[in-house]
file query.tsv (TSV, C-alpha atoms and all ligand atoms)
chain	number	residue	atom	x	y	z
Q	321	MET	CA	79.12	78.70	93.72
Q	322	ASN	CA	78.72	74.94	93.64
Q	323	SER	CA	76.62	74.57	96.80
Q	324	LYS	CA	77.54	70.90	97.25
Q	325	ASP	CA	81.25	71.17	97.76
Q	326	GLY	CA	81.74	74.93	98.08
Q	327	THR	CA	84.05	75.17	95.04
Q	328	MET	CA	83.56	77.74	92.28
Q	329	THR	CA	82.73	77.20	88.65
Q	330	ARG	CA	84.52	79.30	86.02
Q	331	GLN	CA	81.39	81.54	85.81
Q	332	ASP	CA	81.46	82.08	89.57
Q	333	PHE	CA	85.13	82.87	89.32
Q	334	ASN	CA	84.67	85.34	86.48
Q	335	LYS	CA	81.89	87.04	88.41
Q	336	LEU	CA	84.11	87.27	91.45
Q	337	ALA	CA	86.99	88.67	89.41
Q	338	ALA	CA	84.71	91.24	87.78
Q	339	THR	CA	83.40	92.27	91.20
Q	340	PHE	CA	86.94	92.70	92.37
Q	341	LEU	CA	87.98	94.68	89.34
Q	342	LEU	CA	85.03	97.05	89.79
Q	343	GLY	CA	86.37	97.71	93.24
Q	344	ALA	CA	83.40	96.38	95.17
Q	345	VAL	CA	85.55	94.21	97.39
Q	346	SER	CA	87.43	95.80	100.24
Q	347	PRO	CA	91.15	95.05	100.44
Q	348	ILE	CA	92.32	92.55	102.99
Q	349	GLY	CA	95.66	92.44	104.68
Q	350	CYS	CA	95.24	96.00	105.87
Q	351	SER	CA	94.00	96.51	109.33
Q	352	SER	CA	91.01	98.78	109.67
Q	353	ARG	CA	92.24	99.72	113.14
Q	354	SER	CA	93.20	103.32	113.57
Q	355	THR	CA	96.11	102.47	115.89
Q	356	ASN	CA	99.30	101.08	114.41
Q	357	PRO	CA	99.79	97.36	114.98
Q	358	THR	CA	102.80	96.18	116.96
Q	359	TYR	CA	105.43	93.79	115.58
Q	360	GLU	CA	103.72	90.87	117.33
Q	361	GLU	CA	100.34	91.82	115.90
Q	362	LEU	CA	101.80	92.14	112.42
Q	363	VAL	CA	103.36	88.69	112.67
Q	364	LYS	CA	99.90	87.28	113.44
Q	365	ILE	CA	98.28	89.25	110.61
Q	366	ILE	CA	100.93	88.25	108.06
Q	367	TRP	CA	101.88	84.65	108.88
Q	368	ARG	CA	98.52	82.91	108.76
Q	369	HIS	CA	96.22	80.87	106.61
Q	370	SER	CA	93.08	82.50	105.26
Q	371	ASP	CA	90.23	83.39	107.53
Q	372	PRO	CA	87.36	80.94	106.89
Q	373	VAL	CA	85.25	83.71	105.36
Q	374	ASN	CA	87.90	84.29	102.70
Q	375	GLU	CA	88.05	80.59	101.92
Q	376	GLN	CA	84.49	80.92	100.69
Q	377	GLY	CA	85.97	82.90	97.83
Q	378	SER	CA	84.85	86.47	98.52
Q	379	GLU	CA	88.38	87.90	98.23
Q	380	LEU	CA	90.10	85.06	96.54
Q	381	LEU	CA	92.39	86.79	94.07
Q	382	ARG	CA	93.90	89.12	96.65
Q	383	GLU	CA	94.21	86.18	98.97
Q	384	LEU	CA	96.29	84.33	96.37
Q	385	VAL	CA	98.54	87.39	96.14
Q	386	ARG	CA	98.85	87.45	99.93
Q	387	TYR	CA	100.07	83.85	99.90
Q	388	ALA	CA	102.53	84.71	97.11
Q	389	THR	CA	104.05	87.50	99.23
Q	390	LEU	CA	104.85	85.01	102.00
Q	391	ALA	CA	107.56	83.54	99.78
Q	392	ALA	CA	111.27	83.83	100.46
Q	393	ASN	CA	112.92	86.72	98.63
Q	394	SER	CA	116.39	88.16	98.48
Q	395	HIS	CA	117.13	90.66	101.33
Q	396	ASN	CA	113.35	90.68	101.92
Q	397	THR	CA	113.11	93.56	99.46
Q	398	GLN	CA	109.86	92.01	98.18
Q	399	PRO	CA	110.79	92.93	94.60
Q	400	TRP	CA	107.38	92.11	93.13
Q	401	LYS	CA	104.21	93.61	91.81
Q	402	PHE	CA	100.98	91.77	90.99
Q	403	ARG	CA	98.41	92.55	88.33
Q	404	ILE	CA	95.02	90.94	88.72
Q	405	SER	CA	92.62	90.43	85.83
Q	406	ALA	CA	89.51	88.32	85.36
Q	407	ASN	CA	91.02	84.85	85.62
Q	408	LYS	CA	94.71	85.58	85.66
Q	409	ILE	CA	97.37	86.96	87.98
Q	410	THR	CA	100.56	88.42	86.53
Q	411	ILE	CA	103.71	88.76	88.63
Q	412	LEU	CA	106.04	91.58	87.59
Q	413	PRO	CA	109.48	92.59	88.85
Q	414	ASP	CA	109.75	95.75	90.91
Q	415	PHE	CA	113.15	96.97	89.78
Q	416	SER	CA	113.03	99.85	92.27
Q	417	ARG	CA	113.75	97.13	94.86
Q	418	ARG	CA	116.65	95.46	93.09
Q	419	CYS	CA	119.97	94.95	94.87
Q	420	ALA	CA	122.60	96.11	92.42
Q	421	ALA	CA	125.58	95.13	94.57
Q	422	VAL	CA	124.73	91.58	95.63
Q	423	ASP	CA	122.61	90.82	92.56
Q	424	PRO	CA	123.88	92.82	89.57
Q	425	ASP	CA	122.20	90.62	86.94
Q	426	ASP	CA	118.88	90.38	88.86
Q	427	HIS	CA	119.28	86.62	89.22
Q	428	HIS	CA	118.04	86.63	92.82
Q	429	LEU	CA	115.26	89.05	91.94
Q	430	PHE	CA	113.85	86.65	89.36
Q	431	ALA	CA	114.42	83.64	91.64
Q	432	SER	CA	112.38	85.54	94.26
Q	433	LEU	CA	109.57	85.98	91.72
Q	434	GLY	CA	109.78	82.20	91.19
Q	435	CYS	CA	109.34	81.64	94.93
Q	436	ALA	CA	106.23	83.84	94.90
Q	437	THR	CA	104.94	82.00	91.82
Q	438	GLU	CA	105.19	78.66	93.59
Q	439	ASN	CA	103.31	79.90	96.67
Q	440	LEU	CA	100.62	81.36	94.43
Q	441	VAL	CA	100.20	78.13	92.46
Q	442	LEU	CA	99.98	76.04	95.65
Q	443	ALA	CA	97.43	78.44	97.14
Q	444	ALA	CA	95.39	78.48	93.92
Q	445	LYS	CA	95.26	74.68	94.05
Q	446	ALA	CA	94.04	74.81	97.64
Q	447	PHE	CA	91.23	77.14	96.56
Q	448	GLY	CA	90.25	75.00	93.58
Q	449	PHE	CA	92.27	76.43	90.68
Q	450	GLU	CA	95.08	75.06	88.62
Q	451	GLY	CA	97.61	77.84	88.10
Q	452	GLN	CA	99.05	77.50	84.61
Q	453	VAL	CA	102.34	79.36	84.59
Q	454	SER	CA	103.88	80.95	81.53
Q	455	VAL	CA	106.77	83.37	81.30
Q	456	ASP	CA	106.41	86.15	78.77
Q	457	GLY	CA	108.67	85.01	75.93
Q	458	ALA	CA	109.94	88.35	74.65
Q	459	SER	CA	111.20	89.99	77.81
Q	460	SER	CA	110.92	87.06	80.24
Q	461	THR	CA	109.93	89.62	82.82
Q	462	GLU	CA	106.24	88.85	83.26
Q	463	ILE	CA	105.00	85.69	84.87
Q	464	GLN	CA	101.42	84.96	83.92
Q	465	ILE	CA	99.36	82.54	85.97
Q	466	ASP	CA	96.11	81.51	84.34
Q	467	LEU	CA	93.64	80.12	86.85
Q	468	ILE	CA	91.62	77.14	85.64
Q	469	PRO	CA	88.92	75.66	87.93
Q	470	MET	CA	89.80	72.23	89.34
Q	471	GLU	CA	89.07	70.12	92.40
Q	472	SER	CA	90.52	71.88	95.44
Q	473	LEU	CA	93.68	70.28	96.83
Q	474	LYS	CA	95.35	71.42	100.06
Q	475	THR	CA	98.83	69.97	99.75
Q	476	THR	CA	101.32	69.53	102.58
Q	477	MET	CA	103.40	72.27	100.96
Q	478	PHE	CA	100.44	74.65	100.95
Q	479	GLN	CA	99.79	73.94	104.62
Q	480	ALA	CA	103.42	74.84	105.39
Q	481	ILE	CA	103.35	78.30	103.72
Q	482	PRO	CA	102.76	80.30	106.95
Q	483	GLU	CA	105.25	78.13	108.88
Q	484	ARG	CA	108.23	78.49	106.53
Q	485	GLN	CA	111.03	80.85	107.43
Q	486	CYS	CA	114.72	81.24	106.63
Q	487	THR	CA	116.29	80.33	109.94
Q	488	ARG	CA	119.79	81.80	110.36
Q	489	ALA	CA	120.61	79.89	113.53
Q	490	ASN	CA	122.85	77.01	114.55
Q	491	TYR	CA	121.09	73.70	114.09
Q	492	ASP	CA	121.53	70.55	116.19
Q	493	GLY	CA	123.69	68.52	113.80
Q	494	GLN	CA	121.28	65.58	113.69
Q	495	PRO	CA	121.00	63.76	110.35
Q	496	VAL	CA	117.85	63.70	108.23
Q	497	PRO	CA	116.51	60.21	107.41
Q	498	SER	CA	117.51	59.18	103.89
Q	499	ASP	CA	113.93	58.51	102.75
Q	500	GLN	CA	113.10	62.14	103.63
Q	501	LEU	CA	116.14	63.36	101.71
Q	502	ASP	CA	114.84	61.40	98.70
Q	503	VAL	CA	111.45	63.12	99.00
Q	504	LEU	CA	113.11	66.53	99.21
Q	505	LYS	CA	115.35	65.88	96.23
Q	506	THR	CA	112.43	64.75	94.09
Q	507	ILE	CA	110.31	67.73	95.02
Q	508	ALA	CA	113.14	70.21	94.39
Q	509	GLN	CA	113.86	69.15	90.80
Q	510	ASP	CA	111.77	70.27	87.84
Q	511	ASN	CA	111.96	72.19	84.56
Q	512	GLY	CA	115.70	71.75	84.03
Q	513	VAL	CA	116.64	72.45	87.67
Q	514	MET	CA	118.76	69.89	89.50
Q	515	ALA	CA	119.02	69.66	93.31
Q	516	GLN	CA	122.27	68.18	94.56
Q	517	ILE	CA	122.17	67.25	98.25
Q	518	PHE	CA	125.33	66.94	100.36
Q	519	THR	CA	125.40	65.37	103.82
Q	520	ASP	CA	128.95	64.00	104.04
Q	521	LYS	CA	130.93	65.99	106.63
Q	522	ASN	CA	134.03	66.22	104.40
Q	523	GLU	CA	131.95	67.58	101.55
Q	524	LEU	CA	130.30	70.10	103.87
Q	525	GLU	CA	133.78	71.27	105.00
Q	526	LYS	CA	134.74	71.78	101.35
Q	527	ILE	CA	131.53	73.72	100.65
Q	528	LEU	CA	132.27	75.82	103.73
Q	529	GLU	CA	135.58	76.88	102.17
Q	530	TYR	CA	133.72	78.39	99.19
Q	531	VAL	CA	131.18	80.09	101.46
Q	532	VAL	CA	134.01	81.64	103.48
Q	533	ALA	CA	135.84	82.70	100.30
Q	534	GLY	CA	132.65	84.35	98.97
Q	535	ASN	CA	131.85	85.98	102.29
Q	536	THR	CA	135.38	87.36	102.63
Q	537	ALA	CA	135.13	88.92	99.15
Q	538	GLN	CA	131.73	90.42	99.95
Q	539	MET	CA	132.87	91.83	103.31
Q	540	ASN	CA	135.69	93.61	101.44
Q	541	ASP	CA	133.22	95.07	98.95
Q	542	LYS	CA	132.05	98.48	100.21
Q	543	ALA	CA	129.01	98.57	97.89
Q	544	PHE	CA	127.88	95.14	99.13
Q	545	VAL	CA	128.22	96.13	102.79
Q	546	LYS	CA	126.42	99.46	102.28
Q	547	GLU	CA	123.54	97.79	100.44
Q	548	LEU	CA	123.21	95.12	103.13
Q	549	LYS	CA	123.24	97.73	105.89
Q	550	ASP	CA	120.55	99.77	104.08
Q	551	TRP	CA	118.23	96.75	104.13
Q	552	ILE	CA	118.84	95.83	107.78
Q	553	ARG	CA	116.10	96.83	110.21
Q	554	PHE	CA	117.79	97.11	113.60
Q	555	SER	CA	114.73	97.87	115.72
Q	556	ARG	CA	111.10	96.85	116.07
Q	557	PRO	CA	109.83	100.34	115.18
Q	558	ALA	CA	111.97	100.24	112.01
Q	559	VAL	CA	110.71	96.83	110.92
Q	560	VAL	CA	107.11	97.76	111.75
Q	561	LYS	CA	107.46	100.99	109.76
Q	562	HIS	CA	108.94	99.43	106.62
Q	563	ARG	CA	107.58	95.87	106.82
Q	564	ASP	CA	110.47	94.75	104.59
Q	565	GLY	CA	114.21	94.21	104.87
Q	566	LEU	CA	116.28	92.08	107.22
Q	567	PHE	CA	115.11	92.34	110.82
Q	568	THR	CA	118.16	91.73	113.06
Q	569	ALA	CA	116.16	89.44	115.37
Q	570	SER	CA	115.33	87.24	112.35
Q	571	SER	CA	119.06	86.58	112.03
Q	572	GLY	CA	119.44	85.77	115.73
Q	573	ASN	CA	120.96	89.19	116.46
Q	574	PRO	CA	119.90	91.71	119.13
Q	575	THR	CA	117.69	94.67	118.34
Q	576	PHE	CA	118.83	98.24	118.98
Q	577	PRO	CA	117.49	101.73	118.39
Q	578	ASN	CA	118.06	102.19	114.68
Q	579	TRP	CA	120.71	104.93	114.99
Q	580	PHE	CA	122.68	102.81	117.46
Q	581	GLY	CA	122.29	99.68	115.33
Q	582	LYS	CA	123.77	101.43	112.30
Q	583	MET	CA	126.73	102.56	114.40
Q	584	ALA	CA	127.19	99.16	116.07
Q	585	PHE	CA	127.05	97.49	112.65
Q	586	ASN	CA	130.18	99.38	111.59
Q	587	ILE	CA	131.98	98.25	114.74
Q	588	PHE	CA	130.84	94.64	115.04
Q	589	PHE	CA	130.22	93.48	111.45
Q	590	LYS	CA	133.67	92.04	110.79
Q	591	THR	CA	134.93	89.42	108.34
Q	592	ARG	CA	136.35	87.08	110.98
Q	593	THR	CA	133.26	86.95	113.16
Q	594	GLU	CA	130.99	86.54	110.14
Q	595	ASN	CA	133.13	83.70	108.77
Q	596	ASP	CA	133.14	82.03	112.20
Q	597	LYS	CA	129.37	82.31	112.27
Q	598	TYR	CA	129.08	80.56	108.90
Q	599	ARG	CA	131.45	77.82	110.08
Q	600	ASP	CA	129.15	77.14	113.04
Q	601	HIS	CA	126.07	77.33	110.83
Q	602	ILE	CA	127.33	74.82	108.30
Q	603	ARG	CA	128.97	72.47	110.80
Q	604	SER	CA	125.73	72.28	112.80
Q	605	SER	CA	123.63	71.54	109.69
Q	606	ALA	CA	122.46	68.12	108.55
Q	607	GLY	CA	123.23	68.95	104.94
Q	608	VAL	CA	123.39	71.42	102.10
Q	609	VAL	CA	121.43	71.52	98.86
Q	610	ALA	CA	122.71	73.18	95.69
Q	611	PHE	CA	120.17	74.23	93.05
Q	612	ILE	CA	121.71	74.05	89.58
Q	613	SER	CA	119.87	75.04	86.42
Q	614	LYS	CA	120.66	73.76	82.94
Q	615	GLU	CA	120.04	77.16	81.36
Q	616	ASN	CA	121.10	80.57	82.57
Q	617	THR	CA	118.08	82.68	81.62
Q	618	LYS	CA	115.51	84.70	83.56
Q	619	GLU	CA	113.01	81.91	82.98
Q	620	SER	CA	115.37	79.32	84.46
Q	621	TRP	CA	116.05	81.60	87.46
Q	622	ILE	CA	112.29	81.73	88.02
Q	623	ASN	CA	112.18	77.93	87.86
Q	624	VAL	CA	115.03	77.72	90.38
Q	625	GLY	CA	113.01	79.92	92.75
Q	626	ARG	CA	110.01	77.62	92.35
Q	627	CYS	CA	112.14	74.54	93.10
Q	628	TYR	CA	113.73	76.15	96.17
Q	629	GLN	CA	110.30	77.22	97.48
Q	630	ARG	CA	109.00	73.65	97.16
Q	631	PHE	CA	112.09	72.34	98.97
Q	632	ALA	CA	111.59	74.95	101.69
Q	633	LEU	CA	107.92	74.13	102.21
Q	634	GLN	CA	108.34	70.37	102.14
Q	635	SER	CA	111.30	70.51	104.53
Q	636	THR	CA	109.27	72.78	106.84
Q	637	ALA	CA	106.49	70.18	106.79
Q	638	LEU	CA	109.09	67.58	107.81
Q	639	GLY	CA	110.08	69.68	110.84
Q	640	LEU	CA	113.32	70.93	109.28
Q	641	ARG	CA	114.79	74.44	109.22
Q	642	HIS	CA	116.84	75.89	106.39
Q	643	ALA	CA	118.80	79.01	105.45
Q	644	PHE	CA	120.67	80.28	102.40
Q	645	ILE	CA	124.46	80.27	102.26
Q	646	ASN	CA	124.68	81.94	98.86
Q	647	GLN	CA	128.05	83.56	99.45
Q	648	ALA	CA	129.60	80.72	97.44
Q	649	VAL	CA	127.47	81.51	94.39
Q	650	GLU	CA	127.15	85.29	94.48
Q	651	VAL	CA	130.73	86.35	93.75
Q	652	PRO	CA	131.36	85.37	90.08
Q	653	GLN	CA	134.95	84.22	90.62
Q	654	VAL	CA	134.05	82.05	93.64
Q	655	ARG	CA	130.97	80.77	91.82
Q	656	ALA	CA	133.18	79.55	88.97
Q	657	GLN	CA	135.58	77.83	91.39
Q	658	PHE	CA	132.65	76.23	93.20
Q	659	ALA	CA	131.19	75.01	89.87
Q	660	ASN	CA	134.56	73.44	89.16
Q	661	TYR	CA	134.45	71.64	92.52
Q	662	LEU	CA	130.92	70.40	91.78
Q	663	GLY	CA	132.03	69.27	88.33
Q	664	ILE	CA	129.10	70.95	86.58
Q	665	GLY	CA	131.07	72.59	83.76
Q	666	ASP	CA	129.65	75.96	82.78
Q	667	GLN	CA	126.25	75.35	84.36
Q	668	ARG	CA	125.34	77.91	87.03
Q	669	THR	CA	124.91	77.01	90.67
Q	670	ASP	CA	121.95	79.24	91.39
Q	671	LEU	CA	121.28	78.85	95.08
Q	672	LEU	CA	122.90	77.16	98.06
Q	673	VAL	CA	120.85	76.25	101.12
Q	674	ARG	CA	121.71	74.45	104.37
Q	675	PHE	CA	119.16	72.49	106.36
Q	676	GLY	CA	118.78	70.70	109.68
Q	677	TYR	CA	116.83	70.68	112.92
Q	678	GLY	CA	116.83	73.91	114.87
Q	679	PRO	CA	114.89	76.61	116.69
Q	680	GLU	CA	112.40	79.02	115.17
Q	681	LEU	CA	113.58	82.66	115.05
Q	682	PRO	CA	111.47	85.86	115.06
Q	683	ARG	CA	109.63	86.42	111.79
Q	684	SER	CA	110.42	88.79	108.97
Q	685	LEU	CA	107.49	90.95	107.87
Q	686	ARG	CA	105.74	91.65	104.58
Q	687	ARG	CA	104.25	94.86	103.17
Q	688	PRO	CA	100.45	95.08	102.90
Q	689	ILE	CA	99.15	93.63	99.64
Q	690	GLN	CA	97.62	96.91	98.51
Q	691	GLN	CA	101.21	98.17	98.15
Q	692	VAL	CA	102.08	95.40	95.68
Q	693	ILE	CA	98.92	95.17	93.58
Q	694	VAL	CA	99.10	97.44	90.53
H	1	LIG	C1	117.02	84.26	95.72
H	1	LIG	C2	117.21	84.41	97.20
H	1	LIG	C3	118.47	84.64	97.71
H	1	LIG	C4	118.67	84.73	99.10
H	1	LIG	N1	119.93	84.87	99.58
H	1	LIG	C5	120.13	84.84	100.92
H	1	LIG	C6	121.44	84.83	101.47
H	1	LIG	O1	122.44	84.81	100.74
H	1	LIG	N2	121.59	84.80	102.81
H	1	LIG	C7	120.52	84.76	103.65
H	1	LIG	O2	120.71	84.72	104.86
H	1	LIG	N3	119.25	84.76	103.16
H	1	LIG	C8	119.04	84.79	101.83
H	1	LIG	N4	117.77	84.74	101.33
H	1	LIG	C9	116.63	84.66	102.26
H	1	LIG	C10	115.92	85.98	102.41
H	1	LIG	O3	116.75	86.92	103.08
H	1	LIG	C11	114.60	85.75	103.17
H	1	LIG	O4	113.76	84.99	102.36
H	1	LIG	C12	113.93	87.07	103.51
H	1	LIG	O5	114.71	87.81	104.43
H	1	LIG	C13	112.55	86.87	104.10
H	1	LIG	O6	112.62	86.05	105.24
H	1	LIG	P1	111.75	84.72	105.33
H	1	LIG	O7	112.10	83.87	104.16
H	1	LIG	O8	112.14	84.09	106.64
H	1	LIG	O9	110.31	85.13	105.29
H	1	LIG	C14	117.55	84.64	99.97
H	1	LIG	C15	116.28	84.43	99.44
H	1	LIG	C16	116.11	84.29	98.07
H	1	LIG	C17	114.74	84.00	97.51
call {"tool": "encode", "arguments": {"input": "query.tsv", "output": "structure tokens", "more": "lines below"}}
Ligand SMILES: Cc1cc2nc3c(=O)[nH]c(=O)nc-3n(C[C@H](O)[C@H](O)[C@H](O)COP(=O)(O)O)c2cc1C
result
Amino acid sequence: MNSKDGTMTRQDFNKLAATFLLGAVSPIGCSSRSTNPTYEELVKIIWRHSDPVNEQGSELLRELVRYATLAANSHNTQPWKFRISANKITILPDFSRRCAAVDPDDHHLFASLGCATENLVLAAKAFGFEGQVSVDGASSTEIQIDLIPMESLKTTMFQAIPERQCTRANYDGQPVPSDQLDVLKTIAQDNGVMAQIFTDKNELEKILEYVVAGNTAQMNDKAFVKELKDWIRFSRPAVVKHRDGLFTASSGNPTFPNWFGKMAFNIFFKTRTENDKYRDHIRSSAGVVAFISKENTKESWINVGRCYQRFALQSTALGLRHAFINQAVEVPQVRAQFANYLGIGDQRTDLLVRFGYGPELPRSLRRPIQQVIV
């Protein structure tokens, strides 16, 4: 360890990695308590920056993985696995957590891996490592992040990692200053990904039409509804048990005993009320951003995820909330019509996100890192 500034040299890092690989370091992120933590305790354990002791580097690699798992991910399935080696972390897809109905081509799954990649790279930088990202050329299914020692840099985006959430609430309709929109646009574009921001009310109404069209199609799709219901956690005990999925409170909905929630879902989850909800959501937002990639490959989906995650973190740092409204880009037919409206030819609109000023909602959870490290 460089005693002057507390950063590690490559030798220090290799030693640390070897120590970890020999199993001498105890896992973090798991509570040593014998009693089960409550939802509130889990939120505190999960949504935090590192403890100072970890910042000294004793459990650095696992800590980088922990930051990666705080990324947004489709249906909160957490469809990732992490392999740690001496000076490299590899992110792999966990296809057992894919969502075949909403995401038949695994687009969202790979975008989710991109979100995790971005968090990991930002955290590595904060701990004094440049994360050099490469996507395995042959299969495009492995994301390798080589860690090269550098001066530590705690960016605004890094600071925002534990604050970010997808906030499915009504916002207050207030506009975002144009200089901040410029910052967000710049930060959200990279590697062939374009971010198109809409704030004009007429344009938002038009976008709303595509969201409603997509949502209506999805609500009529039995496989989509079943898959969604399977990932909803209606009660605190259910979310604490699984530590994944969509906690109803995180969507601004009440919690119920799980059996009752599943029954109530069938009664209350109706196309009209859902469409009305999205109308309110979009009309109360300051704007919408569409992420559009030049290519339509797994690697470009990963890059889209990275761009979204940067947008999400920077907007969080600016005091904004955001939430996905992907209905317009998930149903192929509606996606094509929406692309036509945007005038982007056969390019794919990957993700659609609204933003604005609004309240914080209860947090979603994450599984312990020992469940995702292979
Ligand atoms: C690729 C991708 C697609 C998503 N699609 C939607 C969506 O259509 N609707 C939605 O409400 N949330 C969507 N989300 C947000 C996730 O549900 C959310 O990230 C997850 O539940 C974890 O919550 P958190 O981001 O607040 O931690 C998506 C996230 C990603 C990365």
call {"tool": "closest_residue", "arguments": {"input": "query.tsv", "among": "Q:Phe631, Q:Phe447, Q:Phe580, Q:Phe567", "to": "ligand LIG 1 (chain H)", "atoms": "only C-alpha atoms and all ligand atoms"}}
result
Q:Phe567
call {"tool": "residues_around", "arguments": {"input": "query.tsv", "residues": "Leu433 of chain Q", "least_positions_apart": "2", "cutoff": "9 Å", "atoms": "all atoms listed in the file", "output": "MDAnalysis selection string"}}
result
chainID Q and resid 388 391 393 398:400 411:413 428:431 435:438 463 621:622 625:626
call {"tool": "atom_distance", "arguments": {"input": "query.tsv", "atom1": "atom CA of Asp600 of chain Q", "atom2": "atom CA of Lys542 of chain Q"}}
result
25.1 Å
call {"tool": "closest_residue", "arguments": {"input": "query.tsv", "among": "Q:Gln494, Q:Thr487, Q:Gln464, Q:Gln509", "to": "Gly572 of chain Q", "atoms": "all atoms listed in the file"}}
result
Q:Thr487
call {"tool": "closest_atom_pairs", "arguments": {"input": "query.tsv", "of": "chain Q", "to": "ligand LIG 1 (chain H)", "cutoff": "9 Å", "atoms": "all atoms listed in the file", "output": "CSV"}}
result
residue,atom,partner,partner_atom,distance
Q:Leu390,CA,H:LIG1,O9,6.4
Q:Ala391,CA,H:LIG1,O7,6.3
Q:Ala392,CA,H:LIG1,O4,3.3
Q:Asn393,CA,H:LIG1,C17,3.5
Q:Ser394,CA,H:LIG1,C15,3.9
Q:His395,CA,H:LIG1,O3,4.1
Q:Asn396,CA,H:LIG1,C12,4.0
Q:Thr397,CA,H:LIG1,C12,7.7
Q:Gln398,CA,H:LIG1,C13,8.3
Q:Val422,CA,H:LIG1,O1,8.8
Q:His427,CA,H:LIG1,C1,7.3
Q:His428,CA,H:LIG1,C1,3.9
Q:Leu429,CA,H:LIG1,C1,6.4
Q:Phe430,CA,H:LIG1,C1,7.5
Q:Ala431,CA,H:LIG1,C1,4.9
Q:Ser432,CA,H:LIG1,C17,4.3
Q:Leu433,CA,H:LIG1,C17,8.0
Q:Gly434,CA,H:LIG1,C17,8.2
Q:Cys435,CA,H:LIG1,C17,6.4
Q:Ala436,CA,H:LIG1,C17,8.9
Q:Arg484,CA,H:LIG1,O8,6.8
Q:Gln485,CA,H:LIG1,O8,3.5
Q:Cys486,CA,H:LIG1,O8,3.8
Q:Thr487,CA,H:LIG1,O8,6.5
Q:Arg488,CA,H:LIG1,O2,6.3
Q:Asp564,CA,H:LIG1,O5,8.1
Q:Gly565,CA,H:LIG1,O5,6.4
Q:Leu566,CA,H:LIG1,O5,5.3
Q:Phe567,CA,H:LIG1,O5,7.8
Q:Ser570,CA,H:LIG1,O8,7.3
Q:Ser571,CA,H:LIG1,O2,7.6
Q:Trp621,CA,H:LIG1,C1,8.7
Q:Val624,CA,H:LIG1,C1,8.7
Q:Gly625,CA,H:LIG1,C17,6.5
Q:Tyr628,CA,H:LIG1,C17,8.0
Q:Gln629,CA,H:LIG1,C17,8.1
Q:Ala643,CA,H:LIG1,O2,6.0
Q:Phe644,CA,H:LIG1,N2,4.6
Q:Ile645,CA,H:LIG1,O1,5.2
Q:Asn646,CA,H:LIG1,O1,4.1
Q:Gln647,CA,H:LIG1,O1,5.9
Q:Ala648,CA,H:LIG1,O1,8.9
Q:Val649,CA,H:LIG1,O1,8.7
Q:Glu650,CA,H:LIG1,O1,7.8
Q:Asp670,CA,H:LIG1,C1,8.3
Q:Leu671,CA,H:LIG1,C1,6.9
Q:Leu672,CA,H:LIG1,O1,8.1
Q:Val673,CA,H:LIG1,C6,8.6
Q:Leu681,CA,H:LIG1,O8,8.7
Q:Pro682,CA,H:LIG1,O8,8.6
Q:Arg683,CA,H:LIG1,O8,6.2
Q:Ser684,CA,H:LIG1,O6,5.1
Q:Leu685,CA,H:LIG1,O9,7.0
Q:Arg686,CA,H:LIG1,O9,8.0
call {"tool": "write_last_selection", "arguments": {"input": "query.tsv", "atoms": "C-alpha atoms", "output": "tab-separated table (two decimals), keeping the file's coordinate frame"}}
result
chain	number	residue	atom	x	y	z
Q	390	LEU	CA	104.85	85.01	102.00
Q	391	ALA	CA	107.56	83.54	99.78
Q	392	ALA	CA	111.27	83.83	100.46
Q	393	ASN	CA	112.92	86.72	98.63
Q	394	SER	CA	116.39	88.16	98.48
Q	395	HIS	CA	117.13	90.66	101.33
Q	396	ASN	CA	113.35	90.68	101.92
Q	397	THR	CA	113.11	93.56	99.46
Q	398	GLN	CA	109.86	92.01	98.18
Q	422	VAL	CA	124.73	91.58	95.63
Q	427	HIS	CA	119.28	86.62	89.22
Q	428	HIS	CA	118.04	86.63	92.82
Q	429	LEU	CA	115.26	89.05	91.94
Q	430	PHE	CA	113.85	86.65	89.36
Q	431	ALA	CA	114.42	83.64	91.64
Q	432	SER	CA	112.38	85.54	94.26
Q	433	LEU	CA	109.57	85.98	91.72
Q	434	GLY	CA	109.78	82.20	91.19
Q	435	CYS	CA	109.34	81.64	94.93
Q	436	ALA	CA	106.23	83.84	94.90
Q	484	ARG	CA	108.23	78.49	106.53
Q	485	GLN	CA	111.03	80.85	107.43
Q	486	CYS	CA	114.72	81.24	106.63
Q	487	THR	CA	116.29	80.33	109.94
Q	488	ARG	CA	119.79	81.80	110.36
Q	564	ASP	CA	110.47	94.75	104.59
Q	565	GLY	CA	114.21	94.21	104.87
Q	566	LEU	CA	116.28	92.08	107.22
Q	567	PHE	CA	115.11	92.34	110.82
Q	570	SER	CA	115.33	87.24	112.35
Q	571	SER	CA	119.06	86.58	112.03
Q	621	TRP	CA	116.05	81.60	87.46
Q	624	VAL	CA	115.03	77.72	90.38
Q	625	GLY	CA	113.01	79.92	92.75
Q	628	TYR	CA	113.73	76.15	96.17
Q	629	GLN	CA	110.30	77.22	97.48
Q	643	ALA	CA	118.80	79.01	105.45
Q	644	PHE	CA	120.67	80.28	102.40
Q	645	ILE	CA	124.46	80.27	102.26
Q	646	ASN	CA	124.68	81.94	98.86
Q	647	GLN	CA	128.05	83.56	99.45
Q	648	ALA	CA	129.60	80.72	97.44
Q	649	VAL	CA	127.47	81.51	94.39
Q	650	GLU	CA	127.15	85.29	94.48
Q	670	ASP	CA	121.95	79.24	91.39
Q	671	LEU	CA	121.28	78.85	95.08
Q	672	LEU	CA	122.90	77.16	98.06
Q	673	VAL	CA	120.85	76.25	101.12
Q	681	LEU	CA	113.58	82.66	115.05
Q	682	PRO	CA	111.47	85.86	115.06
Q	683	ARG	CA	109.63	86.42	111.79
Q	684	SER	CA	110.42	88.79	108.97
Q	685	LEU	CA	107.49	90.95	107.87
Q	686	ARG	CA	105.74	91.65	104.58
